[in-house]
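A quick write-up on the structure given underneath.
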Amino acid sequence: AGAGAGWEEEDGATFWMAAQDFFGFFGSVFVNRTFRDPWQCVRRCGVWRRGTSKTAGTAFGSPDPKRPGAWLANPQFQIHVKAKTTVFISLSQPDARVRGATREWNSYDAAIGFVLVPAKAVRDKGARLKRGDLTAVSAFAREREVSTPYTLQLNPAHSPYLLLAMTHQPDQEGEFAVNIWHKSPIFVRGGERVASDRASEEWGPDEAP
């Protein structure tokens with residue numbers, strides 16, 4: 001198999017392993033996707049909080065027929081595009097490894113996920129939104145990071161879009177970060193800016209929605 005794939009014996013970090021040996025020792029495979037020019041990234045942070053008698057909450061969980069429309073009160077980020085734009089979106093929570101030695105390295109209390117939907121659909125339908133009205137829905141998982149398994153094509157005809165970050169169950173508190181990788185300029189409202197946001201700067205003060 002190695003010879004057929006062009007493998008040559010040398011002192012390096014590449015080696016071959018039988019499939020039965022691999023699956024006998026490893027239960028997970030993690031693939032790191034890298035983005036190079038012309039990709040750029042907008043990063044925003046936010047917090048899920050339970051509501052109190054004095055303050056409104058931001059942790060309303062995922063869409064649930066028993067609580068129609070409640071999920072729309074989760075943290076929202078507006079994404080504006082002025083040309084057809086390819087994006088890749090991920091949502092992450094703090095690394096479990098920094099939470100103390102008593103916690104397993106990949107153990108998370110909250111299953112996290114997000115929904116992307118045109119803002120007009122939310123204004124027109126509100127709690128009556130159907131799955132077909134949504135642009136994308138990530139899987140919900142108790143992982144450090146979730147994303148859609150593919151890139152998305154955003155259309156200026158449907159701009160702005162709303163990105164709603166949420167936990168699967170309501171009233172689960174925690175911090176999170178949204179990463180939006182894009183090829184063409186975008187403008188994002190909401191959350192706390194984390195890194196240099198060249199995308200917003202490219203719009204200019206008179207062009208920002």
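We name chains A, B, ... following the order of the structure tokens; residues begin at 1 in each chain, and ligands are numbered from 1 as shown.
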Given only C-alpha atoms, how would the per-residue table for segment 131-192 of chain A near segment 103-124 of chain A read, listing every residue at most 6 Å away with its closest atom pair and distance in Å to one decimal, sorted by chain and number, as a tab-separated table?
```
residue	atom	partner	partner_atom	distance
A:Leu134	CA	A:Val117	CA	4.6
A:Thr135	CA	A:Val117	CA	5.0
A:Ala136	CA	A:Leu116	CA	5.1
A:Val137	CA	A:Val115	CA	4.6
A:Ser138	CA	A:Phe114	CA	5.6
A:Ala139	CA	A:Gly113	CA	6.0
A:Phe140	CA	A:Gly113	CA	4.6
A:Ala141	CA	A:Ala111	CA	4.4
A:Arg142	CA	A:Ala111	CA	4.0
A:His158	CA	A:Pro118	CA	5.8
A:Pro160	CA	A:Ala119	CA	5.8
A:Tyr161	CA	A:Pro118	CA	4.2
A:Leu162	CA	A:Val117	CA	5.3
A:Leu163	CA	A:Leu116	CA	4.6
A:Leu164	CA	A:Val115	CA	5.3
A:Ala165	CA	A:Phe114	CA	4.5
A:Met166	CA	A:Gly113	CA	5.6
A:Thr167	CA	A:Ile112	CA	4.3
A:His168	CA	A:Ala111	CA	5.5
```
Write out as a PyMOL selection string all residues of chain A that DSSP puts in strand (DSSP E) for this structure's backbone. chain A and resi 40-48+76-81+85-92+112-118+136-137+145-147+152-154+161-167+174-182+186-189+192-193
Residues of segment 28-79 of chain A within 12 Å of segment 83-97 of chain A: nearest atom pair and distance (Å, one decimal) for each, counting only C-alpha atoms, sorted by chain and number, as CSV?
```
residue,atom,partner,partner_atom,distance
A:Arg33,CA,A:Phe88,CA,10.6
A:Thr34,CA,A:Phe88,CA,11.2
A:Phe35,CA,A:Phe88,CA,9.8
A:Pro38,CA,A:Thr86,CA,11.0
A:Trp39,CA,A:Val87,CA,8.8
A:Gln40,CA,A:Val87,CA,9.5
A:Cys41,CA,A:Phe88,CA,9.3
A:Val42,CA,A:Ile89,CA,9.7
A:Arg43,CA,A:Ser90,CA,9.8
A:Arg44,CA,A:Leu91,CA,9.7
A:Cys45,CA,A:Ser92,CA,9.5
A:Gly46,CA,A:Gln93,CA,9.9
A:Val47,CA,A:Gln93,CA,9.8
A:Trp48,CA,A:Gln93,CA,10.7
A:Phe77,CA,A:Ile89,CA,12.0
A:Ile79,CA,A:Val87,CA,10.6
```
Using the selection just defined, write its residues with N, CA, C and O atoms as a PDB file, in the first residue's frame.
```
ATOM      1  N   ARG A  33      -8.698  22.436  10.245  1.00  0.00           N
ATOM      2  CA  ARG A  33      -8.806  23.128   8.965  1.00  0.00           C
ATOM      3  C   ARG A  33      -8.099  24.471   9.066  1.00  0.00           C
ATOM      4  O   ARG A  33      -8.318  25.224  10.010  1.00  0.00           O
ATOM      5  N   THR A  34      -7.243  24.772   8.116  1.00  0.00           N
ATOM      6  CA  THR A  34      -6.523  26.039   8.112  1.00  0.00           C
ATOM      7  C   THR A  34      -7.041  26.922   6.971  1.00  0.00           C
ATOM      8  O   THR A  34      -7.462  26.427   5.929  1.00  0.00           O
ATOM      9  N   PHE A  35      -7.013  28.234   7.199  1.00  0.00           N
ATOM     10  CA  PHE A  35      -7.487  29.199   6.215  1.00  0.00           C
ATOM     11  C   PHE A  35      -6.342  30.141   5.854  1.00  0.00           C
ATOM     12  O   PHE A  35      -5.743  30.754   6.730  1.00  0.00           O
ATOM     13  N   PRO A  38      -7.148  34.119   0.308  1.00  0.00           N
ATOM     14  CA  PRO A  38      -7.707  35.416   0.715  1.00  0.00           C
ATOM     15  C   PRO A  38      -8.662  35.362   1.924  1.00  0.00           C
ATOM     16  O   PRO A  38      -9.389  36.323   2.163  1.00  0.00           O
ATOM     17  N   TRP A  39      -8.682  34.259   2.673  1.00  0.00           N
ATOM     18  CA  TRP A  39      -9.575  34.162   3.820  1.00  0.00           C
ATOM     19  C   TRP A  39      -9.162  35.149   4.924  1.00  0.00           C
ATOM     20  O   TRP A  39      -7.979  35.330   5.187  1.00  0.00           O
ATOM     21  N   GLN A  40     -10.148  35.762   5.556  1.00  0.00           N
ATOM     22  CA  GLN A  40      -9.948  36.599   6.737  1.00  0.00           C
ATOM     23  C   GLN A  40     -10.933  36.149   7.806  1.00  0.00           C
ATOM     24  O   GLN A  40     -11.874  35.411   7.516  1.00  0.00           O
ATOM     25  N   CYS A  41     -10.728  36.600   9.042  1.00  0.00           N
ATOM     26  CA  CYS A  41     -11.578  36.144  10.145  1.00  0.00           C
ATOM     27  C   CYS A  41     -12.072  37.304  10.994  1.00  0.00           C
ATOM     28  O   CYS A  41     -11.312  38.213  11.330  1.00  0.00           O
ATOM     29  N   VAL A  42     -13.357  37.263  11.323  1.00  0.00           N
ATOM     30  CA  VAL A  42     -13.951  38.153  12.311  1.00  0.00           C
ATOM     31  C   VAL A  42     -14.251  37.287  13.535  1.00  0.00           C
ATOM     32  O   VAL A  42     -14.860  36.224  13.412  1.00  0.00           O
ATOM     33  N   ARG A  43     -13.820  37.740  14.707  1.00  0.00           N
ATOM     34  CA  ARG A  43     -14.020  36.990  15.941  1.00  0.00           C
ATOM     35  C   ARG A  43     -14.754  37.861  16.949  1.00  0.00           C
ATOM     36  O   ARG A  43     -14.368  38.990  17.204  1.00  0.00           O
ATOM     37  N   ARG A  44     -15.846  37.323  17.499  1.00  0.00           N
ATOM     38  CA  ARG A  44     -16.642  38.026  18.496  1.00  0.00           C
ATOM     39  C   ARG A  44     -16.866  37.125  19.708  1.00  0.00           C
ATOM     40  O   ARG A  44     -16.993  35.910  19.569  1.00  0.00           O
ATOM     41  N   CYS A  45     -16.925  37.748  20.895  1.00  0.00           N
ATOM     42  CA  CYS A  45     -17.169  37.000  22.127  1.00  0.00           C
ATOM     43  C   CYS A  45     -18.521  37.385  22.713  1.00  0.00           C
ATOM     44  O   CYS A  45     -19.038  38.475  22.480  1.00  0.00           O
ATOM     45  N   GLY A  46     -19.083  36.484  23.498  1.00  0.00           N
ATOM     46  CA  GLY A  46     -20.351  36.738  24.165  1.00  0.00           C
ATOM     47  C   GLY A  46     -20.491  35.854  25.382  1.00  0.00           C
ATOM     48  O   GLY A  46     -19.623  35.040  25.696  1.00  0.00           O
ATOM     49  N   VAL A  47     -21.626  35.999  26.068  1.00  0.00           N
ATOM     50  CA  VAL A  47     -21.876  35.268  27.307  1.00  0.00           C
ATOM     51  C   VAL A  47     -23.328  34.802  27.343  1.00  0.00           C
ATOM     52  O   VAL A  47     -24.237  35.554  26.948  1.00  0.00           O
ATOM     53  N   TRP A  48     -23.536  33.576  27.804  1.00  0.00           N
ATOM     54  CA  TRP A  48     -24.887  33.103  28.105  1.00  0.00           C
ATOM     55  C   TRP A  48     -25.120  33.278  29.600  1.00  0.00           C
ATOM     56  O   TRP A  48     -24.333  32.802  30.421  1.00  0.00           O
ATOM     57  N   PHE A  77     -25.868  38.076  16.406  1.00  0.00           N
ATOM     58  CA  PHE A  77     -24.826  38.799  15.678  1.00  0.00           C
ATOM     59  C   PHE A  77     -25.342  39.045  14.265  1.00  0.00           C
ATOM     60  O   PHE A  77     -25.727  38.103  13.573  1.00  0.00           O
ATOM     61  N   ILE A  79     -24.780  39.856  10.443  1.00  0.00           N
ATOM     62  CA  ILE A  79     -23.738  39.727   9.422  1.00  0.00           C
ATOM     63  C   ILE A  79     -24.232  40.401   8.146  1.00  0.00           C
ATOM     64  O   ILE A  79     -25.230  39.974   7.552  1.00  0.00           O
TER      65      ILE A  79
END
```
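We find atom CA of Arg144 of chain A and atom CA of Pro63 of chain A to be spaced 21.0 Å apart.
Residues of segment 21-203 of chain A that DSSP places in alpha helix (DSSP H), based on the backbone of this structure, are Asp21, Phe22, Phe23, Gly24, Phe25, Ala119, Lys120, Ala121, Val122, Arg123, Asp124, Lys125, Arg198, Ala199, Ser200, Glu201, Glu202 and Trp203 of chain A.
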Just C-alpha atoms for this one: save the residues we selected as a PDB file, in the first residue's frame.
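Everything below was put into again_24.pdb:
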```pdb
ATOM      1  CA  ASP A  21      -4.367  -1.345  15.125  1.00  0.00           C
ATOM      2  CA  PHE A  22      -5.421   2.269  14.726  1.00  0.00           C
ATOM      3  CA  PHE A  23      -9.019   1.686  15.809  1.00  0.00           C
ATOM      4  CA  GLY A  24      -7.804  -0.511  18.626  1.00  0.00           C
ATOM      5  CA  PHE A  25      -5.890   2.360  20.216  1.00  0.00           C
ATOM      6  CA  ALA A 119     -33.017  38.916   9.563  1.00  0.00           C
ATOM      7  CA  LYS A 120     -36.040  39.589   7.324  1.00  0.00           C
ATOM      8  CA  ALA A 121     -37.353  36.086   7.979  1.00  0.00           C
ATOM      9  CA  VAL A 122     -37.137  36.713  11.725  1.00  0.00           C
ATOM     10  CA  ARG A 123     -38.952  40.050  11.395  1.00  0.00           C
ATOM     11  CA  ASP A 124     -41.676  38.592   9.173  1.00  0.00           C
ATOM     12  CA  LYS A 125     -42.290  35.274  10.955  1.00  0.00           C
ATOM     13  CA  ARG A 198     -10.080  44.129   8.950  1.00  0.00           C
ATOM     14  CA  ALA A 199     -13.447  43.190   7.504  1.00  0.00           C
ATOM     15  CA  SER A 200     -15.268  46.011   9.302  1.00  0.00           C
ATOM     16  CA  GLU A 201     -12.484  48.473   8.526  1.00  0.00           C
ATOM     17  CA  GLU A 202     -12.832  47.788   4.810  1.00  0.00           C
ATOM     18  CA  TRP A 203     -16.399  49.089   4.778  1.00  0.00           C
TER      19      TRP A 203
END
```
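Picture a line from atom CA of Thr58 of chain A to atom CA of Val178 of chain A; it runs 15.4 Å.
The space separating atom CA of Pro68 of chain A from atom CA of Gln169 of chain A comes to 14.0 Å.
For the choices A:His80, A:Lys183, A:Val188, A:Ser147, the atom-to-atom distance to Asp37 of chain A is smallest for A:Lys183 when using only C-alpha atoms.
The shell of residues at most 9 Å from Ala127 of chain A, with only C-alpha atoms counted and near chain neighbours (fewer than 3 positions) removed, consists of Pro68, Gly69, Ala70, Trp71, Leu72, Val122 and Lys130 of chain A.
Nearest residue to Gly191 of chain A among A:Asn179, A:Thr55, A:Thr14, A:Gln76 is A:Gln76, counting only C-alpha atoms.
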